[in-house]
$ cat entry.cif   # mmCIF, C-alpha atoms
data_work
loop_
_atom_site.label_atom_id
_atom_site.label_comp_id
_atom_site.auth_asym_id
_atom_site.auth_seq_id
_atom_site.Cartn_x
_atom_site.Cartn_y
_atom_site.Cartn_z
CA MET A 55 -39.50 105.97 219.28
CA SER A 56 -36.96 103.20 219.66
CA GLU A 57 -35.66 104.67 222.88
CA HIS A 58 -39.20 104.70 224.22
CA LEU A 59 -39.55 100.99 223.69
CA ASP A 60 -36.21 100.35 225.38
CA ALA A 61 -37.09 102.69 228.23
CA LEU A 62 -40.51 101.13 228.64
CA PHE A 63 -38.98 97.68 228.61
CA ARG A 64 -36.32 98.45 231.22
CA THR A 65 -38.92 100.16 233.39
CA ALA A 66 -41.18 97.14 233.16
CA LEU A 67 -38.17 94.94 233.90
CA ARG A 68 -37.39 96.85 237.10
CA LEU A 69 -41.04 96.94 238.16
CA CYS A 70 -41.02 93.16 237.82
CA ARG A 71 -37.72 92.81 239.70
CA GLY A 72 -35.83 91.67 236.63
CA GLN A 73 -38.29 88.92 235.65
CA GLU A 74 -38.12 89.28 231.87
CA ALA A 75 -41.18 87.19 231.00
CA GLU A 76 -43.31 89.07 233.51
CA ALA A 77 -41.95 92.40 232.25
CA GLU A 78 -42.71 91.51 228.66
CA ASP A 79 -46.24 90.51 229.63
CA LEU A 80 -46.72 93.78 231.50
CA LEU A 81 -45.35 95.81 228.62
CA GLN A 82 -47.47 94.00 226.06
CA ASP A 83 -50.56 94.60 228.17
CA ALA A 84 -49.64 98.29 228.47
CA LEU A 85 -48.98 98.70 224.74
CA LEU A 86 -52.27 97.08 223.84
CA ARG A 87 -54.05 99.42 226.24
CA ALA A 88 -52.23 102.32 224.65
CA LEU A 89 -53.30 101.12 221.24
CA ALA A 90 -56.91 100.88 222.33
CA ASN A 91 -56.80 104.39 223.78
CA TYR A 92 -54.45 106.27 221.54
CA ASP A 93 -57.20 108.63 220.45
CA GLN A 94 -56.93 110.05 223.98
CA LEU A 95 -53.40 111.25 223.25
CA ARG A 96 -53.78 114.91 222.40
CA GLU A 97 -50.19 115.79 221.59
CA VAL A 98 -47.65 113.49 220.00
CA SER A 99 -44.92 115.32 221.92
CA ALA A 100 -46.50 114.01 225.12
CA GLY A 101 -46.34 110.45 223.80
CA ARG A 102 -43.49 109.35 226.07
CA ALA A 103 -45.17 110.45 229.31
CA TRP A 104 -48.46 109.05 228.04
CA LEU A 105 -46.95 105.62 227.37
CA PHE A 106 -45.28 105.60 230.80
CA THR A 107 -48.55 106.62 232.43
CA ILE A 108 -50.27 103.65 230.84
CA LEU A 109 -47.43 101.35 231.86
CA THR A 110 -47.54 102.63 235.45
CA ARG A 111 -51.30 102.30 235.72
CA THR A 112 -51.27 98.88 234.14
CA HIS A 113 -48.75 97.85 236.76
CA LEU A 114 -50.87 99.39 239.54
CA ASN A 115 -53.95 97.57 238.28
CA ARG A 116 -52.09 94.30 238.22
CA LEU A 117 -50.96 94.74 241.80
CA ARG A 118 -54.48 95.60 242.89
CA THR A 119 -55.84 92.61 241.10
CA ALA A 120 -53.27 90.41 242.72
CA HIS A 121 -54.23 91.79 246.15
CA ARG A 122 -50.71 92.95 246.72
CA ARG A 123 -51.84 96.39 247.78
CA ALA A 124 -50.72 95.61 251.33
CA GLU A 125 -47.18 96.31 250.17
CA LEU A 126 -48.14 99.98 249.96
CA VAL A 127 -49.29 100.36 253.55
CA ASP A 128 -46.06 101.48 255.19
CA THR A 129 -44.63 103.37 252.24
CA GLU A 130 -46.55 106.55 253.01
CA LEU A 131 -45.31 109.09 255.55
CA PRO A 132 -47.51 111.69 257.24
CA ASP A 133 -46.16 115.23 256.87
CA GLY A 134 -44.74 115.33 260.39
CA ALA A 135 -42.96 112.03 260.03
CA PHE A 136 -41.61 113.08 256.63
CA GLU A 137 -40.14 116.25 258.11
CA GLU A 138 -38.56 114.25 260.93
CA ALA A 139 -37.05 111.84 258.42
CA LEU A 140 -35.71 114.75 256.37
CA ALA A 141 -34.16 116.30 259.48
CA GLU A 142 -32.45 113.05 260.41
CA TRP A 143 -30.50 112.86 257.18
CA ALA A 144 -26.76 112.36 257.84
CA PRO A 145 -24.51 113.88 255.16
CA LEU A 146 -22.97 111.52 252.65
CA ARG A 147 -19.41 110.39 253.13
CA SER A 148 -16.67 111.58 250.86
CA PRO A 149 -16.82 110.36 247.23
CA ALA A 150 -13.65 108.28 247.82
CA GLU A 151 -15.58 106.14 250.24
CA GLU A 152 -18.39 105.55 247.81
CA MET A 153 -18.63 102.49 245.73
CA GLU A 154 -16.82 102.21 242.45
CA THR A 155 -19.14 103.05 239.59
CA GLN A 156 -18.70 99.65 238.04
CA GLN A 157 -19.82 97.92 241.20
CA LEU A 158 -22.51 100.48 241.76
CA GLY A 159 -24.56 99.36 238.74
CA GLU A 160 -24.78 95.80 239.97
CA GLN A 161 -25.49 96.75 243.57
CA LEU A 162 -28.01 99.36 242.54
CA THR A 163 -30.02 96.82 240.58
CA SER A 164 -30.16 94.59 243.61
CA ALA A 165 -30.98 97.47 245.95
CA LEU A 166 -33.71 98.74 243.62
CA ASP A 167 -35.31 95.33 243.53
CA ASP A 168 -35.38 95.27 247.33
CA LEU A 169 -37.40 98.49 247.48
CA PRO A 170 -41.16 98.32 248.01
CA VAL A 171 -42.73 98.53 244.59
CA GLU A 172 -44.24 102.01 245.03
CA LEU A 173 -40.86 103.44 246.02
CA ARG A 174 -39.12 101.56 243.23
CA ARG A 175 -41.53 102.87 240.63
CA VAL A 176 -41.12 106.48 241.76
CA VAL A 177 -37.32 106.45 242.00
CA TRP A 178 -37.15 104.81 238.59
CA LEU A 179 -39.55 107.25 236.95
CA VAL A 180 -37.94 110.36 238.46
CA ASP A 181 -34.26 109.56 238.88
CA VAL A 182 -33.68 107.18 235.99
CA GLU A 183 -36.25 108.17 233.38
CA GLY A 184 -36.17 111.84 234.29
CA PHE A 185 -39.85 112.57 234.74
CA THR A 186 -40.78 115.56 236.87
CA HIS A 187 -42.53 115.16 240.18
CA ARG A 188 -45.66 116.49 238.57
CA GLU A 189 -45.54 113.92 235.77
CA ALA A 190 -44.83 111.11 238.22
CA ALA A 191 -47.67 112.28 240.43
CA SER A 192 -50.01 112.19 237.46
CA MET A 193 -48.86 108.69 236.53
CA GLU A 194 -49.19 107.42 240.08
CA GLN A 195 -52.40 109.37 240.72
CA VAL A 196 -51.03 110.73 244.01
CA PRO A 197 -50.16 114.27 245.20
CA GLU A 198 -46.72 115.65 244.38
CA GLY A 199 -45.90 115.64 248.09
CA THR A 200 -46.34 111.88 248.11
CA ILE A 201 -43.91 111.60 245.23
CA ALA A 202 -41.37 113.66 247.21
CA SER A 203 -41.87 111.50 250.26
CA ARG A 204 -41.55 108.24 248.31
CA LEU A 205 -38.52 109.50 246.44
CA PHE A 206 -36.79 110.53 249.66
CA ARG A 207 -37.49 107.18 251.28
CA ALA A 208 -36.30 105.34 248.19
CA ARG A 209 -33.06 107.32 248.03
CA ARG A 210 -32.47 106.84 251.73
CA GLN A 211 -32.97 103.11 251.45
CA LEU A 212 -30.76 102.89 248.37
CA ARG A 213 -28.07 104.89 250.09
CA THR A 214 -28.09 102.57 253.08
CA ALA A 215 -27.96 99.49 250.87
CA LEU A 216 -25.14 100.84 248.73
CA GLU A 217 -23.12 102.05 251.70
CA ASN A 218 -23.44 98.64 253.29
CA SER A 219 -22.30 96.99 250.08
CA ALA A 220 -19.36 99.39 249.79
CA ARG A 221 -18.34 98.73 253.39
CA ASP A 222 -18.54 94.97 252.84
CA ALA A 223 -16.44 95.31 249.70
CA ARG A 224 -13.78 97.31 251.55
CA LEU A 225 -13.67 94.78 254.35
CA TRP A 226 -13.36 91.99 251.79
CA ARG A 227 -10.47 93.76 250.04
CA ARG A 228 -8.61 94.22 253.34
CA GLN A 229 -8.78 90.52 254.18
CA MET B 295 -39.67 128.52 264.25
CA MET B 296 -38.37 127.01 261.01
CA THR B 297 -36.87 123.57 261.52
CA CYS B 298 -34.50 121.70 259.19
CA GLY B 299 -37.16 119.11 258.40
CA ARG B 300 -39.78 121.74 257.58
CA ALA B 301 -37.36 123.73 255.44
CA ARG B 302 -36.29 120.65 253.54
CA ARG B 303 -39.88 119.61 252.89
CA LEU B 304 -40.88 123.07 251.75
CA LEU B 305 -37.88 123.39 249.45
CA TRP B 306 -37.74 119.78 248.31
CA PRO B 307 -35.96 119.90 244.97
CA ASP B 308 -37.59 119.31 241.60
CA THR B 309 -41.10 120.15 242.62
CA GLY B 310 -41.15 123.09 240.24
CA PRO B 311 -41.71 126.76 240.98
CA ARG B 312 -43.30 127.41 244.31
CA GLU B 313 -45.14 130.41 245.61
CA ALA B 314 -42.95 132.65 247.75
CA THR B 315 -45.12 132.48 250.83
CA PRO B 316 -43.70 133.91 254.06
CA GLU B 317 -43.00 130.34 255.16
CA VAL B 318 -41.06 129.53 251.98
CA VAL B 319 -39.07 132.77 252.33
CA GLU B 320 -38.28 131.80 255.92
CA ALA B 321 -37.26 128.30 254.78
CA ARG B 322 -34.89 129.78 252.19
CA ALA B 323 -33.35 132.02 254.81
CA HIS B 324 -32.90 128.99 257.07
CA VAL B 325 -31.20 126.92 254.38
CA SER B 326 -28.89 129.77 253.43
CA ARG B 327 -27.37 129.74 256.92
CA CYS B 328 -27.76 126.03 257.77
CA GLU B 329 -24.78 123.93 256.66
CA LEU B 330 -26.59 120.65 257.27
CA CYS B 331 -29.51 121.69 255.09
CA HIS B 332 -27.08 122.84 252.44
CA HIS B 333 -25.44 119.38 252.52
CA PHE B 334 -28.84 117.74 252.44
CA PHE B 335 -29.80 119.35 249.15
CA GLU B 336 -26.37 118.64 247.70
CA ASP B 337 -26.69 115.01 248.76
CA MET B 338 -30.12 114.67 247.18
CA GLY B 339 -28.71 115.94 243.91
CA ARG B 340 -25.70 113.61 244.13
CA ILE B 341 -27.75 110.55 244.94
CA GLY B 342 -30.25 111.27 242.17
CA GLU B 343 -27.39 111.72 239.72
CA ARG B 344 -25.63 108.52 240.81
CA ILE B 345 -28.84 106.54 240.47
CA ARG B 346 -29.41 108.04 237.03
CA THR B 347 -25.92 107.24 235.79
CA ALA B 348 -25.52 103.82 237.41
CA ALA B 349 -28.97 102.38 236.75
CA PRO B 350 -28.90 99.48 234.31
CA ARG B 351 -30.32 100.42 230.92
CA PRO B 352 -30.78 97.22 229.01
CA HIS B 353 -32.25 97.32 225.53
CA ALA B 354 -35.33 95.30 224.73
CA PRO B 355 -34.03 92.07 223.17
CA VAL B 356 -34.86 91.57 219.50
CA GLU B 357 -37.09 88.59 220.22
CA VAL B 358 -39.03 90.62 222.79
CA ARG B 359 -39.44 93.48 220.32
CA ASP B 360 -40.58 90.95 217.76
CA ARG B 361 -43.24 89.46 220.02
CA LEU B 362 -44.45 92.88 221.14
CA PHE B 363 -44.64 94.09 217.60
CA LYS B 364 -46.62 91.06 216.52
CA ALA B 365 -49.06 91.49 219.39
CA ILE B 366 -49.60 95.12 218.40
CA ALA B 367 -49.89 94.23 214.73
CA ARG B 368 -52.46 91.55 215.49
CA ALA B 369 -54.45 93.97 217.60
CA ARG B 370 -54.29 96.66 214.92
CA THR B 371 -55.33 94.47 212.07
CA GLY B 372 -57.78 92.42 214.09
CA HIS B 373 -56.73 89.10 212.59
CA SER B 374 -54.11 86.52 213.31
CA GLY B 375 -52.73 86.13 209.84
CA LEU B 376 -49.62 88.01 210.80
CA SER B 377 -48.35 85.33 213.11
CA ALA B 378 -46.51 83.42 210.46
CA GLY B 379 -43.33 83.11 212.50
CA PRO B 380 -40.65 85.44 213.80
CA SER B 381 -38.63 85.37 210.61
CA ARG B 382 -41.45 87.00 208.71
CA TRP B 383 -40.80 90.11 210.72
CA ARG B 384 -37.16 90.43 210.13
CA VAL B 385 -36.96 93.37 207.93
CA GLY B 386 -34.16 94.70 205.86
CA MET B 387 -34.98 98.26 204.96
CA GLY B 388 -32.05 99.47 202.90
CA LEU B 389 -31.38 103.02 201.93
CA VAL B 390 -32.42 102.48 198.35
CA ALA B 391 -35.66 100.88 199.43
CA THR B 392 -36.41 103.73 201.75
CA VAL B 393 -35.50 106.56 199.43
CA VAL B 394 -36.50 105.11 196.10
CA LEU B 395 -39.17 102.53 196.65
CA GLY B 396 -40.98 104.57 199.27
CA GLY B 397 -41.63 107.21 196.65
CA ALA B 398 -41.93 104.98 193.62
CA TRP B 399 -44.56 102.78 195.15
CA LEU B 400 -46.62 105.73 196.28
CA GLY B 401 -49.69 105.85 194.11
CA TYR B 402 -48.53 102.98 191.97
CA VAL B 403 -48.49 99.69 193.75
CA VAL B 404 -50.28 99.94 196.98
CA THR B 405 -54.01 100.28 197.06
CA HIS B 406 -54.17 99.34 200.72
CA ARG B 407 -55.15 101.97 203.23
CA PRO B 408 -52.01 103.41 204.79
CA LEU B 409 -51.81 101.91 208.25
CA THR B 410 -49.52 104.37 209.94
CA PRO B 411 -50.99 107.81 210.49
CA ALA B 412 -48.16 110.09 211.52
CA SER B 413 -49.93 111.13 214.69
CA ASP B 414 -50.08 107.57 216.04
CA PRO B 415 -47.04 107.03 218.30
CA LEU B 416 -47.63 103.30 218.47
CA SER B 417 -47.48 103.00 214.72
CA ALA B 418 -44.33 105.06 214.72
CA LEU B 419 -42.98 102.75 217.40
CA VAL B 420 -43.81 99.71 215.31
CA GLU B 421 -42.26 101.22 212.20
CA ASP B 422 -39.18 102.12 214.15
CA GLN B 423 -38.98 98.62 215.53
CA LEU B 424 -39.08 97.31 212.00
CA ARG B 425 -36.43 99.70 210.84
CA SER B 426 -34.29 98.75 213.81
CA GLN B 427 -34.03 95.28 212.38
CA ALA B 428 -32.72 96.54 209.09
CA SER B 429 -29.53 94.57 209.56
CA GLN B 430 -31.34 91.31 208.82
CA ARG B 431 -29.83 90.24 205.55
CA ILE B 432 -27.84 87.52 203.96
CA VAL B 433 -24.54 88.02 202.20
CA ALA B 434 -24.20 85.27 199.61
CA SER B 435 -23.29 84.83 195.98
CA ASP B 436 -25.08 81.54 195.49
CA SER B 437 -28.57 81.98 194.02
CA LEU B 438 -29.91 78.77 195.57
CA THR B 439 -28.80 79.82 199.05
CA VAL B 440 -30.37 83.23 198.56
CA ALA B 441 -33.62 81.75 197.23
CA GLN B 442 -33.86 79.39 200.20
CA TRP B 443 -33.11 82.19 202.64
CA LEU B 444 -35.86 84.35 201.17
CA GLY B 445 -38.21 81.38 200.93
CA ASP B 446 -37.97 81.01 204.71
CA ARG B 447 -38.90 84.63 205.21
CA VAL B 448 -41.45 85.83 202.68
CA PRO B 449 -44.85 84.32 201.96
CA PHE B 450 -44.22 83.84 198.22
CA ALA B 451 -41.69 82.09 196.07
CA VAL B 452 -38.83 84.21 194.79
CA THR B 453 -36.88 83.30 191.71
CA VAL B 454 -33.41 84.74 192.09
CA PRO B 455 -32.53 85.89 188.58
CA LEU B 456 -29.00 85.72 187.28
CA PHE B 457 -27.88 88.53 185.00
CA PRO B 458 -24.96 88.55 182.61
CA GLU B 459 -22.00 90.41 184.09
CA ALA B 460 -23.84 90.97 187.37
CA ARG B 461 -22.52 89.55 190.63
CA LEU B 462 -25.04 88.39 193.23
CA THR B 463 -24.11 89.83 196.64
CA GLY B 464 -27.01 88.95 198.93
CA ALA B 465 -30.61 89.57 199.84
CA ARG B 466 -32.84 91.32 202.33
CA THR B 467 -36.43 91.38 203.41
CA LEU B 468 -38.17 94.73 203.55
CA LEU B 469 -41.47 96.25 204.45
CA VAL B 470 -43.32 98.73 202.25
CA ASN B 471 -46.59 99.89 203.74
CA ARG B 472 -46.62 96.81 205.94
CA GLN B 473 -46.30 94.49 202.99
CA LEU B 474 -43.38 92.13 203.45
CA GLY B 475 -41.20 91.96 200.39
CA ALA B 476 -37.91 90.59 199.17
CA ALA B 477 -34.87 92.37 197.78
CA VAL B 478 -31.97 90.73 196.01
CA ASP B 479 -28.77 92.71 195.58
CA TYR B 480 -26.24 92.61 192.79
CA VAL B 481 -23.25 94.56 191.61
CA ILE B 482 -23.03 95.22 187.90
CA SER B 483 -20.30 97.31 186.30
CA GLY B 484 -19.34 98.50 189.77
CA LYS B 485 -22.86 99.78 190.43
CA SER B 486 -25.48 98.34 192.73
CA LEU B 487 -28.58 96.76 191.26
CA SER B 488 -31.50 95.61 193.38
CA TYR B 489 -34.32 93.31 192.40
CA TYR B 490 -37.50 93.71 194.46
CA VAL B 491 -40.51 91.46 194.78
CA LEU B 492 -43.49 92.81 196.72
CA PRO B 493 -47.11 91.82 197.14
CA GLY B 494 -48.94 93.81 194.47
CA ARG B 495 -52.45 95.09 194.08
CA SER B 496 -54.85 93.27 196.34
CA GLY B 497 -56.58 90.47 194.47
CA ASN B 498 -54.72 91.14 191.25
CA SER B 499 -53.60 87.80 189.91
CA VAL B 500 -53.58 88.81 186.25
CA ARG B 501 -50.30 88.38 184.41
CA SER B 502 -49.56 91.76 182.88
CA GLN B 503 -45.73 91.88 182.64
CA GLU B 504 -45.82 95.29 181.01
CA ILE B 505 -42.56 96.93 182.01
CA ARG B 506 -42.81 100.52 183.19
CA LEU B 507 -39.78 102.74 183.47
CA THR B 508 -39.60 105.57 185.93
CA SER B 509 -37.00 107.55 187.90
CA ARG B 510 -36.78 108.72 191.48
CA SER B 511 -33.94 110.55 193.24
CA GLY B 512 -31.46 109.70 190.51
CA TYR B 513 -32.38 106.01 190.41
CA HIS B 514 -34.09 104.31 187.50
CA LEU B 515 -36.79 101.77 188.13
CA ALA B 516 -38.20 99.10 185.87
CA THR B 517 -41.40 97.70 187.35
CA TRP B 518 -43.89 95.09 186.27
CA GLU B 519 -46.58 92.91 187.78
CA ASP B 520 -47.22 89.24 187.59
CA ALA B 521 -49.58 86.90 189.40
CA GLY B 522 -50.34 89.26 192.25
CA LEU B 523 -46.76 90.30 192.82
CA THR B 524 -44.99 93.49 191.85
CA TYR B 525 -41.42 93.32 190.62
CA ALA B 526 -38.85 96.05 190.29
CA LEU B 527 -35.29 96.51 189.26
CA VAL B 528 -33.65 99.58 190.76
CA ALA B 529 -30.25 100.95 189.76
CA VAL B 530 -28.45 103.99 188.43
CA LEU B 531 -27.93 102.17 185.14
CA PRO B 532 -29.16 103.75 181.88
CA GLU B 533 -32.83 103.02 181.22
CA PRO B 534 -32.23 100.87 178.07
CA GLU B 535 -29.84 98.67 180.03
CA LEU B 536 -32.31 98.38 182.89
CA LEU B 537 -35.09 97.54 180.45
CA ALA B 538 -32.97 94.77 178.93
CA LEU B 539 -32.27 93.37 182.40
CA ALA B 540 -35.98 93.46 183.23
CA ARG B 541 -36.81 91.51 180.06
CA TYR B 542 -34.07 89.04 180.84
CA CYS B 543 -35.52 88.69 184.33
CA ILE B 544 -39.05 88.03 183.03
CA HIS B 545 -37.64 85.50 180.58
CA GLN B 546 -36.03 83.61 183.47
CA MET B 547 -39.23 83.77 185.51
CA VAL B 548 -41.25 82.31 182.64
CA ALA B 549 -38.64 79.59 182.13
CA ASP B 550 -38.62 78.86 185.84
CA LEU B 551 -42.42 78.68 185.85
CA GLY B 552 -42.28 76.26 182.88
CA ARG B 553 -39.85 74.03 184.76
CA SER B 554 -42.04 74.11 187.86
CA ARG B 555 -45.10 73.10 185.83
CA ALA B 556 -43.17 70.28 184.20
CA ARG B 557 -42.03 69.02 187.61
CA LEU B 558 -45.60 69.23 188.89
CA GLU B 559 -46.95 67.28 185.90
CA ARG B 560 -44.25 64.63 186.28
CA SER B 561 -45.04 64.20 189.95
CA GLN B 562 -48.77 63.91 189.20
CA HIS B 563 -48.18 61.23 186.55
CA SER B 564 -45.80 59.16 188.65
#

$ encode --input "entry.cif" --output "structure tokens"
Amino acid sequence: MSEHLDALFRTALRLCRGQEAEAEDLLQDALLRALANYDQLREVSAGRAWLFTILTRTHLNRLRTAHRRAELVDTELPDGAFEEALAEWAPLRSPAEEMETQQLGEQLTSALDDLPVELRRVVWLVDVEGFTHREAASMEQVPEGTIASRLFRARRQLRTALENSARDARLWRRQ
Amino acid sequence: MMTCGRARRLLWPDTGPREATPEVVEARAHVSRCELCHHFFEDMGRIGERIRTAAPRPHAPVEVRDRLFKAIARARTGHSGLSAGPSRWRVGMGLVATVVLGGAWLGYVVTHRPLTPASDPLSALVEDQLRSQASQRIVASDSLTVAQWLGDRVPFAVTVPLFPEARLTGARTLLVNRQLGAAVDYVISGKSLSYYVLPGRSGNSVRSQEIRLTSRSGYHLATWEDAGLTYALVAVLPEPELLALARYCIHQMVADLGRSRARLERSQHS
């Protein structure tokens, strides 16, 4: 279970854009909710997804309470617009042009924090914590298609941010 | 006509098995001959993988774990008596304590309701958090230093006994069924000897001091109770030797108690 606590903590940390006190508060709130509702957990093997669901929903509730829902407005894409965005994808450059892995970690953290919170939550749950689209959809209480759309937009935005950082770094090295 | 965007949406990776509708079949056929779509799916995999490998994965700091654990413990027990300070929750759960005491105490010491049903993931999380702090210990050969260290961490006074031919090596705190206890470690004749003090039967303040000998997993235990606390000596030493050490230990405790009373009386008279 130790890895769950660490994973829950780092997820809370990213959801709170690296603000440790806020993340701890969110996580504590989520764990207390989990404690109050643990009789709803039917299978211990599903404990990890269950804890993340509670963390995600606690975070959603907090945003709603704080009237920050407006942040969500332009994160959704209608099907047609999603297909257009998918079609516009330009292939990645060669790996040699990508950022060094060491730099990537730092830049990724910054780029993640710049994402709208709904995109950040989805890319973290799916790409970092390895939940399936179905699990993420259940946590977020949205259709799987919405998860796909958010994940694509998040990856696209991260790619742009990281490519810009890599280009800046190359320019800096040449000077 | 199947477009790249439509094909990519229909075949978006990681959405699990999909029904092979005519449209999906057509999308697959499109992707199989479309280089850009092929690159697209490769890129999605690469980006997902890079995010996964490069994302920061910090561990929850010990003090954060500690505060979270205390919040959960307070909520579980429904009282605030557990908030006696962070050091109370630093737990040293050594191998001997886990293997030997876990079994030895079962049905003997603890009359409290077990608080960690196996099916409760939060309890497991809490227990794991406690175990994760097993490195909290002091290495010291000075009994006063060890007694002070334990005194800062456990809610009862611990006399650190000194045994002939035994070398004091340090101390730990430990948790047995959510009761915080103390362990003092020695080496005697090249073998480890541990002295445990744990909260005993609830409400039992009677001095019994009857020494009981028992064995678990190759270890011998000498246990006794006094003034609401349970004491144990655990080692692989022969039982007669362990019994002698236990008597010696009780003798020191009684002497220590006598000195404490004398100090108390002197302070009341002055």

$ atom_distance --input "entry.cif" --atom1 "CA of Ser326 in chain B" --atom2 "CA of Ile341 in chain B"
21.0 Å

$ resolve_selection --input "entry.cif" --expression "the PyMOL selection byres ((chain B) within 6 of (chain A))" --output "ChimeraX atom specification"
/B:298-300,309,342,346,348-349,353-354,362,419

$ resolve_selection --input "entry.cif" --expression "the PyMOL selection byres ((chain B and resi 484) around 12)" --output "PyMOL selection string"
chain B and resi 459-461+480-483+485-487+529-531

$ resolve_selection --input "entry.cif" --expression "the PyMOL selection byres ((chain B and resi 454) around 7)" --output "MDAnalysis selection string"
chainID B and resid 437 441 452:453 455:456

$ atom_distance --input "entry.cif" --atom1 "CA of Tyr513 in chain B" --atom2 "CA of Val478 in chain B"
16.3 Å

$ atom_distance --input "entry.cif" --atom1 "CA of Leu468 in chain B" --atom2 "CA of Phe363 in chain B"
15.5 Å

$ axis_aligned_box --input "entry.cif" --around "range 204-209 of chain A" --padding-each-side "6 Å" --output "JSON"
{"center_x": -37.3, "center_y": 107.9, "center_z": 248.9, "size_x": 20.5, "size_y": 17.2, "size_z": 16.8}

$ closest_residue --input "entry.cif" --among "A:Ala120, A:Leu169, A:Arg175, A:Thr214" --to "Ala66 in chain A" --atoms "all atoms listed in the file"
A:Arg175

$ decode --input "entry.cif" --residues "range 443-461 of chain B" --atoms "N, CA and C atoms" --output "JSON list (two decimals), in the first residue's frame"
[["chain", "number", "residue", "atom", "x", "y", "z"],
["B", 443, "TRP", "N", 15.75, 9.04, 25.27],
["B", 443, "TRP", "CA", 15.24, 8.93, 23.91],
["B", 443, "TRP", "C", 13.86, 8.27, 23.91],
["B", 444, "LEU", "N", 13.74, 7.18, 24.66],
["B", 444, "LEU", "CA", 12.44, 6.49, 24.73],
["B", 444, "LEU", "C", 11.42, 7.35, 25.46],
["B", 445, "GLY", "N", 11.88, 8.05, 26.51],
["B", 445, "GLY", "CA", 10.96, 8.89, 27.27],
["B", 445, "GLY", "C", 10.31, 9.97, 26.42],
["B", 446, "ASP", "N", 11.02, 10.40, 25.38],
["B", 446, "ASP", "CA", 10.45, 11.41, 24.47],
["B", 446, "ASP", "C", 9.46, 10.80, 23.50],
["B", 447, "ARG", "N", 9.40, 9.48, 23.45],
["B", 447, "ARG", "CA", 8.62, 8.85, 22.40],
["B", 447, "ARG", "C", 7.48, 7.95, 22.86],
["B", 448, "VAL", "N", 7.55, 7.43, 24.05],
["B", 448, "VAL", "CA", 6.48, 6.54, 24.51],
["B", 448, "VAL", "C", 5.79, 7.16, 25.73],
["B", 449, "PRO", "N", 4.52, 6.86, 25.90],
["B", 449, "PRO", "CA", 3.76, 7.54, 26.95],
["B", 449, "PRO", "C", 3.92, 6.88, 28.33],
["B", 450, "PHE", "N", 5.04, 6.27, 28.60],
["B", 450, "PHE", "CA", 5.28, 5.69, 29.92],
["B", 450, "PHE", "C", 6.80, 5.69, 30.17],
["B", 451, "ALA", "N", 7.15, 5.64, 31.44],
["B", 451, "ALA", "CA", 8.57, 5.67, 31.76],
["B", 451, "ALA", "C", 9.18, 4.29, 31.50],
["B", 452, "VAL", "N", 10.37, 4.29, 30.96],
["B", 452, "VAL", "CA", 11.06, 3.03, 30.69],
["B", 452, "VAL", "C", 12.38, 3.01, 31.46],
["B", 453, "THR", "N", 12.50, 2.05, 32.34],
["B", 453, "THR", "CA", 13.79, 1.82, 32.98],
["B", 453, "THR", "C", 14.62, 0.98, 32.02],
["B", 454, "VAL", "N", 15.80, 1.45, 31.72],
["B", 454, "VAL", "CA", 16.66, 0.67, 30.81],
["B", 454, "VAL", "C", 17.54, -0.22, 31.68],
["B", 455, "PRO", "N", 17.22, -1.51, 31.75],
["B", 455, "PRO", "CA", 17.99, -2.38, 32.63],
["B", 455, "PRO", "C", 19.40, -2.63, 32.10],
["B", 456, "LEU", "N", 20.29, -2.86, 33.01],
["B", 456, "LEU", "CA", 21.66, -3.23, 32.63],
["B", 456, "LEU", "C", 21.89, -4.66, 33.10],
["B", 457, "PHE", "N", 22.36, -5.50, 32.21],
["B", 457, "PHE", "CA", 22.56, -6.91, 32.52],
["B", 457, "PHE", "C", 24.06, -7.23, 32.54],
["B", 458, "PRO", "N", 24.44, -8.12, 33.43],
["B", 458, "PRO", "CA", 25.85, -8.52, 33.45],
["B", 458, "PRO", "C", 26.23, -9.15, 32.11],
["B", 459, "GLU", "N", 27.34, -8.76, 31.59],
["B", 459, "GLU", "CA", 27.90, -9.32, 30.36],
["B", 459, "GLU", "C", 27.08, -8.99, 29.11],
["B", 460, "ALA", "N", 26.08, -8.12, 29.27],
["B", 460, "ALA", "CA", 25.31, -7.72, 28.08],
["B", 460, "ALA", "C", 25.71, -6.30, 27.70],
["B", 461, "ARG", "N", 25.80, -6.07, 26.40],
["B", 461, "ARG", "CA", 26.18, -4.74, 25.91],
["B", 461, "ARG", "C", 24.94, -4.07, 25.31]]
